[in-house]
Structures are given as C-alpha cells and as structure tokens.
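Visitor: Compact mmCIF, C-alpha atoms, file final15.txt:
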```
# COMPACT_ATOMS: atom_id res chain seq x y z
CA SER A 1 -13.10 -45.74 -9.37
CA ARG A 2 -12.34 -48.22 -6.58
CA TYR A 3 -8.62 -48.97 -7.04
CA GLY A 4 -5.60 -46.68 -7.28
CA TYR A 5 -7.03 -43.15 -7.38
CA ILE A 6 -10.16 -44.14 -5.54
CA GLY A 7 -13.29 -42.03 -5.49
CA GLN A 8 -12.97 -40.41 -8.94
CA VAL A 9 -16.44 -39.94 -10.43
CA VAL A 10 -17.85 -39.52 -13.93
CA THR A 11 -21.42 -39.52 -15.21
CA GLY A 12 -23.24 -39.10 -18.51
CA LEU A 13 -20.98 -41.40 -20.55
CA GLU A 14 -21.66 -44.64 -22.40
CA GLY A 15 -19.24 -47.52 -22.82
CA ALA A 16 -17.52 -50.45 -21.15
CA TYR A 17 -15.64 -50.30 -17.86
CA ASN A 18 -13.02 -52.50 -16.20
CA VAL A 19 -12.58 -54.09 -12.78
CA ALA A 20 -11.13 -50.88 -11.28
CA LEU A 21 -14.49 -49.13 -11.71
CA VAL A 22 -17.92 -49.53 -10.18
CA LYS A 23 -21.09 -48.74 -12.10
CA ILE A 24 -23.84 -47.24 -9.93
CA GLU A 25 -27.51 -47.12 -10.92
CA LYS A 26 -29.86 -45.19 -8.67
CA LYS A 27 -33.12 -46.87 -7.67
CA ILE A 28 -34.80 -44.30 -5.39
CA ASP A 29 -36.05 -40.84 -6.33
CA ILE A 30 -32.68 -39.07 -6.24
CA GLN A 31 -31.17 -36.87 -8.92
CA ARG A 32 -28.19 -38.34 -10.75
CA LEU A 33 -26.02 -35.21 -10.41
CA TYR A 34 -26.92 -34.84 -6.73
CA LEU A 35 -25.65 -38.39 -6.20
CA MET A 36 -22.48 -37.60 -8.18
CA TYR A 37 -21.73 -34.57 -6.00
CA TYR A 38 -22.22 -36.71 -2.91
CA PHE A 39 -19.52 -39.04 -4.22
CA GLU A 40 -17.24 -36.02 -4.74
CA SER A 41 -17.75 -34.78 -1.17
CA GLU A 42 -15.07 -34.91 1.52
CA TYR A 43 -17.52 -36.83 3.73
CA PHE A 44 -17.70 -39.69 1.25
CA LYS A 45 -13.95 -39.62 0.54
CA GLN A 46 -13.19 -39.87 4.25
CA TYR A 47 -15.63 -42.78 4.48
CA LEU A 48 -13.72 -44.58 1.72
CA LEU A 49 -10.34 -43.80 3.28
CA ALA A 50 -11.52 -45.27 6.58
CA LYS A 51 -12.45 -48.46 4.72
CA THR A 52 -9.21 -48.70 2.73
CA GLY A 53 -6.59 -47.44 5.19
CA ALA A 54 -5.95 -50.85 6.76
CA ARG A 55 -5.05 -52.49 3.45
CA ALA A 56 -1.29 -52.63 3.00
CA THR A 57 -1.05 -53.83 -0.60
CA ILE A 58 -3.38 -51.69 -2.71
CA SER A 59 -5.80 -48.92 -2.03
CA GLY A 60 -9.32 -50.02 -2.87
CA PHE A 61 -12.78 -50.83 -1.60
CA ASN A 62 -15.41 -53.43 -2.39
CA LYS A 63 -18.99 -52.90 -3.50
CA ASP A 64 -20.48 -53.84 -0.12
CA GLU A 65 -18.55 -50.99 1.52
CA LEU A 66 -19.91 -48.63 -1.10
CA LYS A 67 -23.48 -49.87 -0.55
CA ASN A 68 -23.29 -49.12 3.17
CA ALA A 69 -22.39 -45.44 2.78
CA VAL A 70 -25.13 -43.19 4.17
CA ILE A 71 -26.55 -40.27 2.17
CA ASN A 72 -29.12 -37.65 3.13
CA VAL A 73 -31.81 -37.31 0.44
CA PRO A 74 -33.65 -33.97 0.61
CA SER A 75 -36.67 -33.00 -1.48
CA ASP A 76 -36.37 -32.83 -5.25
CA GLU A 77 -36.59 -29.02 -5.11
CA ILE A 78 -33.63 -28.77 -2.71
CA GLN A 79 -31.66 -31.27 -4.78
CA SER A 80 -32.25 -29.11 -7.87
CA ARG A 81 -31.02 -25.97 -6.11
CA ILE A 82 -27.88 -27.77 -4.92
CA VAL A 83 -27.18 -29.29 -8.35
CA ASN A 84 -27.69 -25.95 -10.13
CA LYS A 85 -25.32 -24.12 -7.81
CA LEU A 86 -22.57 -26.76 -8.02
CA SER A 87 -23.01 -27.16 -11.80
CA GLN A 88 -22.51 -23.42 -12.29
CA ILE A 89 -19.23 -23.63 -10.37
CA ASP A 90 -18.15 -26.66 -12.44
CA ASP A 91 -18.86 -24.73 -15.66
CA LEU A 92 -16.69 -21.83 -14.48
CA ILE A 93 -13.89 -24.22 -13.49
CA GLU A 94 -14.01 -25.81 -16.95
CA LEU A 95 -13.85 -22.37 -18.58
CA ARG A 96 -10.73 -21.51 -16.57
CA LYS A 97 -9.14 -24.81 -17.63
CA LYS A 98 -9.71 -23.97 -21.30
CA GLN A 99 -8.17 -20.51 -20.83
CA ILE A 100 -5.08 -22.04 -19.21
CA ARG A 101 -4.66 -24.54 -22.06
CA CYS A 102 -4.93 -21.73 -24.61
CA PHE A 103 -2.13 -19.76 -22.93
CA GLU A 104 0.10 -22.84 -22.88
CA TRP A 105 -0.51 -23.52 -26.57
CA LEU A 106 0.54 -19.97 -27.46
CA VAL A 107 3.80 -20.27 -25.51
CA LYS A 108 4.66 -23.63 -27.06
CA SER A 109 4.07 -22.26 -30.55
CA ARG A 110 6.43 -19.34 -29.84
CA PHE A 111 9.12 -21.72 -28.56
CA ASN A 112 8.96 -23.77 -31.75
CA GLU A 113 9.25 -20.62 -33.87
CA MET A 114 12.30 -19.25 -32.02
CA PHE A 115 14.34 -22.44 -31.57
CA ALA A 116 13.54 -24.53 -34.62
CA SER A 117 17.21 -24.66 -35.70
CA GLY A 118 20.72 -24.11 -34.35
CA GLY A 119 21.96 -24.52 -30.80
CA LYS A 120 24.65 -26.62 -29.12
CA ASP A 121 24.13 -30.18 -27.85
CA VAL A 122 24.28 -30.52 -24.05
CA THR A 123 22.75 -32.81 -21.43
CA VAL A 124 20.03 -31.72 -19.04
CA GLU A 125 22.48 -32.28 -16.19
CA ASP A 126 24.82 -29.71 -17.78
CA VAL A 127 22.25 -26.93 -17.38
CA CYS A 128 20.88 -27.75 -13.90
CA SER A 129 22.17 -26.96 -10.42
CA ASP A 130 20.01 -29.68 -8.83
CA ILE A 131 18.13 -32.76 -10.07
CA VAL A 132 16.21 -34.59 -7.33
CA ASP A 133 13.84 -37.55 -7.29
CA CYS A 134 10.66 -37.59 -5.21
CA PRO A 135 10.58 -39.44 -1.86
CA HIS A 136 9.81 -43.11 -2.47
CA SER A 137 6.77 -43.15 -0.22
CA THR A 138 3.06 -42.41 -0.51
CA PRO A 139 2.19 -39.06 1.09
CA SER A 140 -0.43 -38.91 3.83
CA TYR A 141 -3.02 -36.60 2.28
CA GLU A 142 -5.49 -34.36 4.07
CA GLY A 143 -8.45 -32.24 3.06
CA GLU A 144 -7.03 -28.78 3.82
CA LEU A 145 -5.95 -26.95 0.67
CA LYS A 146 -2.61 -25.75 2.06
CA TYR A 147 0.53 -27.70 1.01
CA PRO A 148 0.07 -29.12 -2.51
CA ALA A 149 1.83 -32.44 -3.19
CA ILE A 150 2.27 -32.39 -6.95
CA ARG A 151 2.03 -35.78 -8.71
CA THR A 152 2.29 -37.05 -12.29
CA THR A 153 -1.50 -36.82 -12.63
CA ASP A 154 -1.40 -33.10 -11.78
CA ILE A 155 0.84 -32.21 -14.76
CA LYS A 156 -0.61 -31.89 -18.24
CA ASP A 157 0.96 -30.37 -21.37
CA GLY A 158 3.24 -27.99 -19.50
CA PHE A 159 0.74 -26.73 -16.95
CA ILE A 160 -0.64 -27.74 -13.56
CA ASP A 161 -4.07 -29.35 -13.54
CA TRP A 162 -5.41 -28.26 -10.16
CA SER A 163 -8.68 -30.19 -10.41
CA GLN A 164 -7.41 -33.31 -8.61
CA MET A 165 -4.55 -31.77 -6.60
CA LYS A 166 -4.00 -33.39 -3.19
CA TYR A 167 -2.61 -31.65 -0.12
CA VAL A 168 -0.57 -32.63 2.93
CA SER A 169 -0.13 -31.40 6.48
CA LEU A 170 2.78 -29.22 7.64
CA GLU A 171 4.39 -32.27 9.25
CA GLU A 172 4.14 -34.33 6.04
CA TYR A 173 5.32 -31.34 3.98
CA THR A 174 8.41 -30.92 6.20
CA THR A 175 9.28 -34.59 5.77
CA ARG A 176 8.91 -34.52 2.00
CA ILE A 177 11.14 -31.47 1.48
CA SER A 178 14.11 -32.99 3.37
CA ARG A 179 15.98 -33.58 0.09
CA ILE A 180 15.08 -30.25 -1.46
CA ARG A 181 12.46 -27.58 -0.89
CA PRO A 182 10.75 -26.87 -4.20
CA ILE A 183 10.73 -23.18 -5.12
CA ALA A 184 9.18 -21.06 -7.85
CA GLY A 185 10.99 -21.67 -11.13
CA ASP A 186 11.76 -25.32 -10.41
CA ILE A 187 10.51 -27.81 -12.99
CA VAL A 188 8.60 -30.91 -11.91
CA TYR A 189 8.72 -33.78 -14.41
CA GLY A 190 6.45 -36.82 -14.44
CA ARG A 191 8.68 -39.87 -14.71
CA GLU A 192 6.34 -42.84 -14.28
CA GLY A 193 3.04 -43.90 -15.82
CA THR A 194 2.16 -40.98 -18.08
CA TYR A 195 5.79 -39.89 -18.12
CA GLY A 196 7.13 -36.89 -20.03
CA ASN A 197 4.83 -34.15 -18.76
CA ALA A 198 6.45 -31.25 -16.92
CA THR A 199 5.58 -27.86 -15.44
CA ILE A 200 7.21 -24.84 -13.82
CA LEU A 201 6.24 -24.28 -10.21
CA PRO A 202 4.57 -20.87 -9.80
CA GLU A 203 5.14 -18.39 -7.00
CA GLY A 204 2.87 -18.24 -3.96
CA TYR A 205 2.65 -21.95 -3.08
CA ASP A 206 4.52 -24.30 -0.74
CA PHE A 207 4.82 -27.36 -2.97
CA CYS A 208 6.29 -30.73 -2.10
CA LEU A 209 6.91 -33.66 -4.44
CA GLY A 210 4.16 -36.24 -4.45
CA GLN A 211 4.53 -39.54 -6.28
CA ARG A 212 6.24 -40.52 -9.56
CA VAL A 213 7.83 -37.13 -10.21
CA MET A 214 11.31 -35.56 -10.12
CA LEU A 215 12.55 -31.99 -9.86
CA PHE A 216 14.93 -30.03 -12.11
CA ARG A 217 16.40 -26.74 -10.88
CA PRO A 218 18.01 -24.94 -13.84
CA ASP A 219 21.27 -23.02 -13.50
CA THR A 220 19.87 -19.62 -14.49
CA SER A 221 23.26 -18.40 -15.74
CA ILE A 222 23.01 -21.02 -18.49
CA CYS A 223 19.34 -21.83 -18.94
CA THR A 224 16.01 -20.25 -18.07
CA SER A 225 13.21 -22.25 -16.49
CA GLU A 226 10.93 -21.53 -19.43
CA TYR A 227 13.45 -22.73 -21.99
CA LEU A 228 14.26 -25.94 -20.10
CA LEU A 229 10.57 -26.71 -19.59
CA TYR A 230 9.78 -26.63 -23.30
CA CYS A 231 12.89 -28.68 -24.06
CA LEU A 232 11.73 -31.36 -21.60
CA ILE A 233 8.24 -31.57 -23.10
CA SER A 234 9.50 -31.41 -26.69
CA ASP A 235 9.04 -34.26 -29.16
CA ASP A 236 12.82 -34.79 -29.26
CA VAL A 237 13.16 -35.46 -25.52
CA ARG A 238 10.01 -37.58 -25.62
CA ARG A 239 11.63 -39.80 -28.25
CA GLN A 240 14.68 -40.20 -25.99
CA ALA A 241 12.45 -41.22 -23.09
CA ASP A 242 10.47 -43.64 -25.28
CA ALA A 243 13.70 -45.31 -26.44
CA LYS A 244 14.53 -46.17 -22.81
CA ASN A 245 11.10 -47.80 -22.40
CA VAL A 246 11.36 -50.42 -25.13
CA GLY A 247 10.29 -53.70 -23.50
CA SER A 248 9.48 -52.06 -20.18
CA THR A 249 6.38 -53.39 -18.40
CA VAL A 250 5.78 -50.21 -16.38
CA PRO A 251 6.39 -47.02 -18.41
CA HIS A 252 8.89 -44.88 -16.53
CA VAL A 253 11.98 -42.69 -16.81
CA ASN A 254 14.99 -43.38 -14.60
CA VAL A 255 16.53 -40.35 -12.93
CA ALA A 256 19.96 -41.27 -14.33
CA ASP A 257 18.52 -41.40 -17.88
CA ALA A 258 16.70 -38.09 -17.41
CA LYS A 259 19.96 -36.41 -16.43
CA ARG A 260 21.46 -37.55 -19.74
CA PHE A 261 18.65 -36.29 -21.98
CA THR A 262 20.25 -34.33 -24.81
CA ILE A 263 18.89 -30.87 -25.60
CA LYS A 264 19.96 -27.90 -27.70
CA ILE A 265 21.20 -24.89 -25.75
CA HIS A 266 20.85 -21.44 -27.32
CA PRO A 267 22.35 -18.11 -26.23
CA ILE A 268 20.94 -16.98 -22.89
CA GLU A 269 19.87 -13.66 -24.41
CA LYS A 270 17.57 -15.48 -26.82
CA GLN A 271 16.25 -17.67 -24.00
CA ILE A 272 15.51 -14.57 -21.92
CA GLU A 273 13.58 -13.06 -24.83
CA PHE A 274 11.44 -16.19 -24.96
CA ALA A 275 11.11 -16.26 -21.16
CA GLU A 276 9.82 -12.67 -21.10
CA TYR A 277 7.18 -13.56 -23.68
CA ALA A 278 6.22 -16.67 -21.70
CA LYS A 279 6.10 -14.77 -18.40
CA LYS A 280 3.70 -12.16 -19.79
CA LEU A 281 1.29 -14.85 -20.87
CA ASN A 282 1.86 -16.81 -17.68
CA GLU A 283 0.94 -13.78 -15.56
CA THR A 284 -2.48 -13.84 -17.18
CA LYS A 285 -2.56 -17.62 -16.88
CA ALA A 286 -1.77 -17.33 -13.17
CA LEU A 287 -4.84 -15.13 -12.71
CA ALA A 288 -6.95 -17.83 -14.35
CA GLU A 289 -5.32 -20.48 -12.12
CA THR A 290 -5.96 -18.42 -8.98
CA ALA A 291 -9.57 -17.93 -9.99
CA MET A 292 -9.90 -21.67 -10.61
CA ILE A 293 -8.43 -22.54 -7.20
CA GLU A 294 -10.86 -20.15 -5.50
CA LEU A 295 -13.73 -21.77 -7.36
CA GLN A 296 -12.53 -25.22 -6.26
CA LYS A 297 -12.33 -24.00 -2.65
CA THR A 298 -15.86 -22.64 -2.95
CA LYS A 299 -17.05 -25.96 -4.32
CA SER A 300 -15.29 -27.89 -1.53
CA SER A 301 -16.89 -25.65 1.10
CA LEU A 302 -20.33 -26.12 -0.42
CA LEU A 303 -19.91 -29.90 -0.58
CA LYS A 304 -18.88 -29.92 3.08
CA GLU A 305 -21.83 -27.71 4.04
CA ILE A 306 -24.25 -29.93 2.14
CA PHE A 307 -22.96 -33.42 2.94
CA GLY A 308 -20.94 -32.88 6.12
```
Turn this file's structure into structure tokens for me.

Guide:
Amino acid sequence: SRYGYIGQVVTGLEGAYNVALVKIEKKIDIQRLYLMYYFESEYFKQYLLAKTGARATISGFNKDELKNAVINVPSDEIQSRIVNKLSQIDDLIELRKKQIRCFEWLVKSRFNEMFASGGKDVTVEDVCSDIVDCPHSTPSYEGELKYPAIRTTDIKDGFIDWSQMKYVSLEEYTTRISRIRPIAGDIVYGREGTYGNATILPEGYDFCLGQRVMLFRPDTSICTSEYLLYCLISDDVRRQADAKNVGSTVPHVNVADAKRFTIKIHPIEKQIEFAEYAKKLNETKALAETAMIELQKTKSSLLKEIFG
C-alpha cells in the first residue's frame, strides 16, 4: 500500500487492486516471502517515511522511490532459513488472534443471553464520568514498542488487534494525554471510517488516543466497563450511528451524537455478574494477548537483525 497506511504488505492473493496499491513482481532469484518480510522490516518502513515525510497533503510514495530501495539478497539456503523462522512466528501470532476472537465471541453471547429484555432507557452520557475526543492531529510514530497510540484500525469486534499497533515517544505520549490520561477500564470507540468498534483498555499499558477514536470512562457506580462496551458494539447502537450517517460522504460519528446514544441500563448487581464472567475469560485472553505481543516483538527484533 502506498497511500494512507503505507507499507502494508500482502502476498499469495489473486484479484484486482486500486491506485493506492502497488503490485510487485520479482525478477531476480529471490524468494517471494523473503521479499515480503523485507517490506515489513523497520529498515524499509523508515526508508518510506523518509521519502514521504516532506509531503504535507497525503502520506504516500511513488513507484520510483520504491524501485530505489536497497535490499541484501543472501543465498537461497539462508533465505529459506529466514523465511521458515519468520513464518513459524507468523503462524503462532495467527493462532493467538484466533484464540482472542473466540474469547470475545463467548462474552458477547453471554451478554445477549443476560440482557435480551428489560432495562431502563438512558443516554451514554448519563452513565459516564468522562467522554473525550482524540487530539485532532496525526501522532508522530516511532519504532519502539512502548506507548501504544490506539487507532480505529486497532479495534475489532470488541478487542484490540495488536498486529498493526503503532507507538509514540514519551514526549508525544505526554502531549496526547493532555485532555485525559487513558486508564484501564476506559473504553475506546472508533468514530470515523470503520466506526462503531470499541474495546476496553487493559491493565499494564500506557495508552494514548491515536486517530479517529474517542474515549468513554463509565461511572462505575452506575455502569461497569464490560456492560457499556457491549452496549456500544450492540446492533441497537450501531443502528443509531448508521442513522446519523445517512447522506454522509465520510462515515463518522460526532462526539455530541455518541453522547446521546440510547442504551438500556440494568441493575448494577446484574452488570457485575456479567462483568465477573467477562473478566474471567478476559484474564485468559490477556495471556494470549501478552504472548502475541511477545511474538511480535520477537519478529520485529529478527527483522531488524536481518535487514538492519
């Protein structure tokens, strides 16, 4: 991909592609997956950033800049060893992703069982102590996996997709938490593009808000984080968001509209029962997430060792 989220790579697929993508066909004796891992390396990403940083309007690069990137091509035997090692890590990462999705499906099913009927109509604003939009600026990302800047693209079906997470420096992190410092239990909601996804921030990380997201902090005397999360990603709230997007050219949710989303509130005791069930599964899910992050760190280190 050469516009927007530049440097994303896929191989092994057939089909058409648009102007935001570049198709690459190898012509020397180099393994396809070895070339793909080169494009995933920090060395190549930094090369692209150096070529795109001066452009003020849109992040992107042209094909000539791509053609001039330099790659070391070792023997076929060494390429095979590198590809095998990185492919094994990718397989383990994919396994962890599937485990995480399974846990989330179980929790969502339980929510639907417990809260299918009843409850009192309230607005989201009624059950939150804070609702804050993200800073209206593009973060300055860096390679160190320290301060995650969560974006719309990092939230999928109630959980965090760590595979494309970007990170910022301490200085950038400090700037981006000036409105509010995200804490464990806060809910981050994607409000632009693929709007409607949300997730609860886990313990153990110093998050800041990236792009196109907003933060809900539930008043825990009224509403648990787990209950509010599954309300926000429910079909009912999705319909409310869709209704505000009729005729809109860029799909989005305004902060003011999000505050007025109507949900059903149930007794806190029943919410706590659901939260305890969700937390037990999420503890196991967190182990899978931690394992996945460690695998991603291992992969990043190997890519740096191999490609510089």

Visitor: Write out as a compact mmCIF listing (two decimals) with C-alpha atoms, keeping the file's coordinate frame each polymer residue whose atoms come within 12 Å of region 67-69 of chain A, counting all atoms listed in the file; drop sequence neighbours fewer than 2 positions from it.

Guide:
```
# COMPACT_ATOMS: atom_id res chain seq x y z
CA VAL A 22 -17.92 -49.53 -10.18
CA LYS A 23 -21.09 -48.74 -12.10
CA ILE A 24 -23.84 -47.24 -9.93
CA GLU A 25 -27.51 -47.12 -10.92
CA LYS A 26 -29.86 -45.19 -8.67
CA LEU A 35 -25.65 -38.39 -6.20
CA TYR A 38 -22.22 -36.71 -2.91
CA PHE A 39 -19.52 -39.04 -4.22
CA TYR A 43 -17.52 -36.83 3.73
CA PHE A 44 -17.70 -39.69 1.25
CA LYS A 45 -13.95 -39.62 0.54
CA GLN A 46 -13.19 -39.87 4.25
CA TYR A 47 -15.63 -42.78 4.48
CA LEU A 48 -13.72 -44.58 1.72
CA ALA A 50 -11.52 -45.27 6.58
CA LYS A 51 -12.45 -48.46 4.72
CA PHE A 61 -12.78 -50.83 -1.60
CA ASN A 62 -15.41 -53.43 -2.39
CA LYS A 63 -18.99 -52.90 -3.50
CA ASP A 64 -20.48 -53.84 -0.12
CA GLU A 65 -18.55 -50.99 1.52
CA ILE A 71 -26.55 -40.27 2.17
CA ASN A 72 -29.12 -37.65 3.13
```

Visitor: Got a sec: who's within 7 Å of region 122-138 of chain A, counting only C-alpha atoms, leaving out chain neighbours fewer than 3 positions off, as a PyMOL selection string?

Guide: chain A and resi 176+209-219+222-223+255+259-265

Visitor: When distances are computed from all atoms listed in the file, which of A:Asn282, A:Gln31, A:Gln88, A:Ser109 shows the smallest separation from Pro74 (chain A)?

Guide: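 The closest residue to Pro74 (chain A) is A:Gln31.
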
Visitor: Which residues of region 142-212 of chain A sit at most 10 Å from region 231-238 of chain A, using all atoms listed in the file? Give each one's shortest atom pair and distance in Å (one decimal place), in chain and ascending residue order, as CSV.

Guide:
```
residue,atom,partner,partner_atom,distance
A:Asp157,CA,A:Ile233,CA,7.6
A:Gly158,CA,A:Ile233,CA,7.1
A:Ile187,CA,A:Leu232,CA,9.4
A:Tyr189,CA,A:Leu232,CA,8.2
A:Tyr195,CA,A:Arg238,CA,8.9
A:Gly196,CA,A:Ile233,CA,6.2
A:Asn197,CA,A:Ile233,CA,6.1
A:Ala198,CA,A:Ile233,CA,6.4
A:Thr199,CA,A:Ile233,CA,8.9
```

Visitor: One decimal, Å: what's the distance from CA of Glu305 (chain A) over to CA of Arg32 (chain A), could you say?

Guide: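 Separation of CA of Glu305 (chain A) and CA of Arg32 (chain A): 19.3 Å.
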
Visitor: Nearest residue to Thr11 (chain A) out of A:Asp91, A:Asp76, A:Asp121, A:Glu40, using all atoms listed in the file?

Guide: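 Of all the options, A:Glu40 lies closest to Thr11 (chain A).
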
Visitor: In Å, how far is it from CA of Arg2 (chain A) to CA of Tyr17 (chain A)?

Guide: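 Atom-to-atom, CA of Arg2 (chain A) and CA of Tyr17 (chain A) are spaced 11.9 Å apart.
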
Visitor: Taking all atoms listed in the file into account, name the residue in A:Ser169, A:Thr175, A:Thr220, A:Thr290 that is nearest to Pro202 (chain A).

Guide: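 Once distances to Pro202 (chain A) are computed over all atoms listed in the file, the minimum belongs to A:Thr290.
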
Visitor: Determine the nearest neighbour of Gly119 (chain A) from the options A:Thr174, A:Gln271, A:Asn84, A:Ser41, counting all atoms listed in the file.

Guide: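 Of the candidates, the smallest distance to Gly119 (chain A) is held by A:Gln271.
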
Visitor: Just the number, please: distance in Å from CA of Val19 (chain A) to CA of Gln164 (chain A), one decimal.

Guide: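 Going from CA of Val19 (chain A) over to CA of Gln164 (chain A) covers 21.8 Å.
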
Visitor: Pick the closest to Glu294 (chain A) from A:Asp242, A:Asp90, A:Glu42, A:Asp29: which is it, counting only C-alpha atoms?

Guide: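 Of A:Asp242, A:Asp90, A:Glu42, A:Asp29, the one nearest Glu294 (chain A), counting only C-alpha atoms, is A:Asp90.
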
Visitor: List as a PDB file with C-alpha atoms, keeping the file's coordinate frame the residues having at least one atom at most 12 Å from position (-2.4, -16.9, -10.4) as given in the file, counting all atoms listed in the file.

Guide:
```pdb
ATOM      1  CA  ARG A  96     -10.730 -21.510 -16.570  1.00  0.00           C
ATOM      2  CA  ILE A 100      -5.080 -22.040 -19.210  1.00  0.00           C
ATOM      3  CA  ILE A 160      -0.640 -27.740 -13.560  1.00  0.00           C
ATOM      4  CA  TRP A 162      -5.410 -28.260 -10.160  1.00  0.00           C
ATOM      5  CA  LEU A 201       6.240 -24.280 -10.210  1.00  0.00           C
ATOM      6  CA  PRO A 202       4.570 -20.870  -9.800  1.00  0.00           C
ATOM      7  CA  GLU A 203       5.140 -18.390  -7.000  1.00  0.00           C
ATOM      8  CA  GLY A 204       2.870 -18.240  -3.960  1.00  0.00           C
ATOM      9  CA  TYR A 205       2.650 -21.950  -3.080  1.00  0.00           C
ATOM     10  CA  LYS A 279       6.100 -14.770 -18.400  1.00  0.00           C
ATOM     11  CA  LEU A 281       1.290 -14.850 -20.870  1.00  0.00           C
ATOM     12  CA  ASN A 282       1.860 -16.810 -17.680  1.00  0.00           C
ATOM     13  CA  GLU A 283       0.940 -13.780 -15.560  1.00  0.00           C
ATOM     14  CA  THR A 284      -2.480 -13.840 -17.180  1.00  0.00           C
ATOM     15  CA  LYS A 285      -2.560 -17.620 -16.880  1.00  0.00           C
ATOM     16  CA  ALA A 286      -1.770 -17.330 -13.170  1.00  0.00           C
ATOM     17  CA  LEU A 287      -4.840 -15.130 -12.710  1.00  0.00           C
ATOM     18  CA  ALA A 288      -6.950 -17.830 -14.350  1.00  0.00           C
ATOM     19  CA  GLU A 289      -5.320 -20.480 -12.120  1.00  0.00           C
ATOM     20  CA  THR A 290      -5.960 -18.420  -8.980  1.00  0.00           C
ATOM     21  CA  ALA A 291      -9.570 -17.930  -9.990  1.00  0.00           C
ATOM     22  CA  MET A 292      -9.900 -21.670 -10.610  1.00  0.00           C
ATOM     23  CA  ILE A 293      -8.430 -22.540  -7.200  1.00  0.00           C
ATOM     24  CA  GLU A 294     -10.860 -20.150  -5.500  1.00  0.00           C
TER      25      GLU A 294
END
```

Visitor: Name the residues in contact with Lys297 (chain A) at a cut-off of 10 Å, using all atoms listed in the file, excluding same-chain residues fewer than 6 positions from it; report them as a PDB file with C-alpha atoms, in the frame of the given file.

Guide:
```pdb
ATOM      1  CA  GLU A 144      -7.030 -28.780   3.820  1.00  0.00           C
ATOM      2  CA  LEU A 145      -5.950 -26.950   0.670  1.00  0.00           C
ATOM      3  CA  ALA A 291      -9.570 -17.930  -9.990  1.00  0.00           C
ATOM      4  CA  LEU A 303     -19.910 -29.900  -0.580  1.00  0.00           C
TER       5      LEU A 303
END
```

Visitor: Take region 263-284 of chain A, bring it up to N, CA and C atoms, and give me the output as an mmCIF file, in the coordinates of the input.

Guide:
```cif
data_model
loop_
_atom_site.group_PDB
_atom_site.id
_atom_site.type_symbol
_atom_site.label_atom_id
_atom_site.label_comp_id
_atom_site.auth_asym_id
_atom_site.auth_seq_id
_atom_site.Cartn_x
_atom_site.Cartn_y
_atom_site.Cartn_z
ATOM 1 N N ILE A 263 19.678 -31.992 -25.103
ATOM 2 C CA ILE A 263 18.890 -30.870 -25.600
ATOM 3 C C ILE A 263 19.806 -29.902 -26.337
ATOM 4 N N LYS A 264 19.210 -28.969 -27.043
ATOM 5 C CA LYS A 264 19.960 -27.900 -27.700
ATOM 6 C C LYS A 264 19.963 -26.679 -26.777
ATOM 7 N N ILE A 265 21.135 -26.107 -26.553
ATOM 8 C CA ILE A 265 21.200 -24.890 -25.750
ATOM 9 C C ILE A 265 21.475 -23.709 -26.669
ATOM 10 N N HIS A 266 20.707 -22.649 -26.515
ATOM 11 C CA HIS A 266 20.850 -21.440 -27.320
ATOM 12 C C HIS A 266 21.373 -20.315 -26.428
ATOM 13 N N PRO A 267 21.839 -19.227 -27.033
ATOM 14 C CA PRO A 267 22.350 -18.110 -26.230
ATOM 15 C C PRO A 267 21.330 -17.663 -25.185
ATOM 16 N N ILE A 268 21.825 -17.340 -23.988
ATOM 17 C CA ILE A 268 20.940 -16.980 -22.890
ATOM 18 C C ILE A 268 20.094 -15.764 -23.216
ATOM 19 N N GLU A 269 20.635 -14.853 -24.043
ATOM 20 C CA GLU A 269 19.870 -13.660 -24.410
ATOM 21 C C GLU A 269 18.593 -14.040 -25.170
ATOM 22 N N LYS A 270 18.722 -15.030 -26.047
ATOM 23 C CA LYS A 270 17.570 -15.480 -26.820
ATOM 24 C C LYS A 270 16.579 -16.221 -25.908
ATOM 25 N N GLN A 271 17.104 -16.990 -24.966
ATOM 26 C CA GLN A 271 16.250 -17.670 -24.000
ATOM 27 C C GLN A 271 15.471 -16.655 -23.151
ATOM 28 N N ILE A 272 16.154 -15.596 -22.742
ATOM 29 C CA ILE A 272 15.510 -14.570 -21.920
ATOM 30 C C ILE A 272 14.389 -13.884 -22.690
ATOM 31 N N GLU A 273 14.627 -13.650 -23.983
ATOM 32 C CA GLU A 273 13.580 -13.060 -24.830
ATOM 33 C C GLU A 273 12.332 -13.950 -24.833
ATOM 34 N N PHE A 274 12.570 -15.252 -24.994
ATOM 35 C CA PHE A 274 11.440 -16.190 -24.960
ATOM 36 C C PHE A 274 10.797 -16.212 -23.577
ATOM 37 N N ALA A 275 11.627 -16.202 -22.532
ATOM 38 C CA ALA A 275 11.110 -16.260 -21.160
ATOM 39 C C ALA A 275 10.231 -15.053 -20.852
ATOM 40 N N GLU A 276 10.621 -13.885 -21.340
ATOM 41 C CA GLU A 276 9.820 -12.670 -21.100
ATOM 42 C C GLU A 276 8.454 -12.784 -21.768
ATOM 43 N N TYR A 277 8.456 -13.344 -22.984
ATOM 44 C CA TYR A 277 7.180 -13.560 -23.680
ATOM 45 C C TYR A 277 6.322 -14.548 -22.884
ATOM 46 N N ALA A 278 6.956 -15.649 -22.445
ATOM 47 C CA ALA A 278 6.220 -16.670 -21.700
ATOM 48 C C ALA A 278 5.696 -16.114 -20.385
ATOM 49 N N LYS A 279 6.507 -15.308 -19.691
ATOM 50 C CA LYS A 279 6.100 -14.770 -18.400
ATOM 51 C C LYS A 279 4.883 -13.852 -18.524
ATOM 52 N N LYS A 280 4.855 -13.054 -19.597
ATOM 53 C CA LYS A 280 3.700 -12.160 -19.790
ATOM 54 C C LYS A 280 2.414 -12.956 -19.925
ATOM 55 N N LEU A 281 2.480 -14.013 -20.730
ATOM 56 C CA LEU A 281 1.290 -14.850 -20.870
ATOM 57 C C LEU A 281 0.997 -15.608 -19.580
ATOM 58 N N ASN A 282 2.057 -16.034 -18.906
ATOM 59 C CA ASN A 282 1.860 -16.810 -17.680
ATOM 60 C C ASN A 282 1.294 -15.966 -16.539
ATOM 61 N N GLU A 283 1.554 -14.659 -16.560
ATOM 62 C CA GLU A 283 0.940 -13.780 -15.560
ATOM 63 C C GLU A 283 -0.581 -13.811 -15.688
ATOM 64 N N THR A 284 -1.044 -13.753 -16.939
ATOM 65 C CA THR A 284 -2.480 -13.840 -17.180
ATOM 66 C C THR A 284 -2.992 -15.232 -16.847
#
```
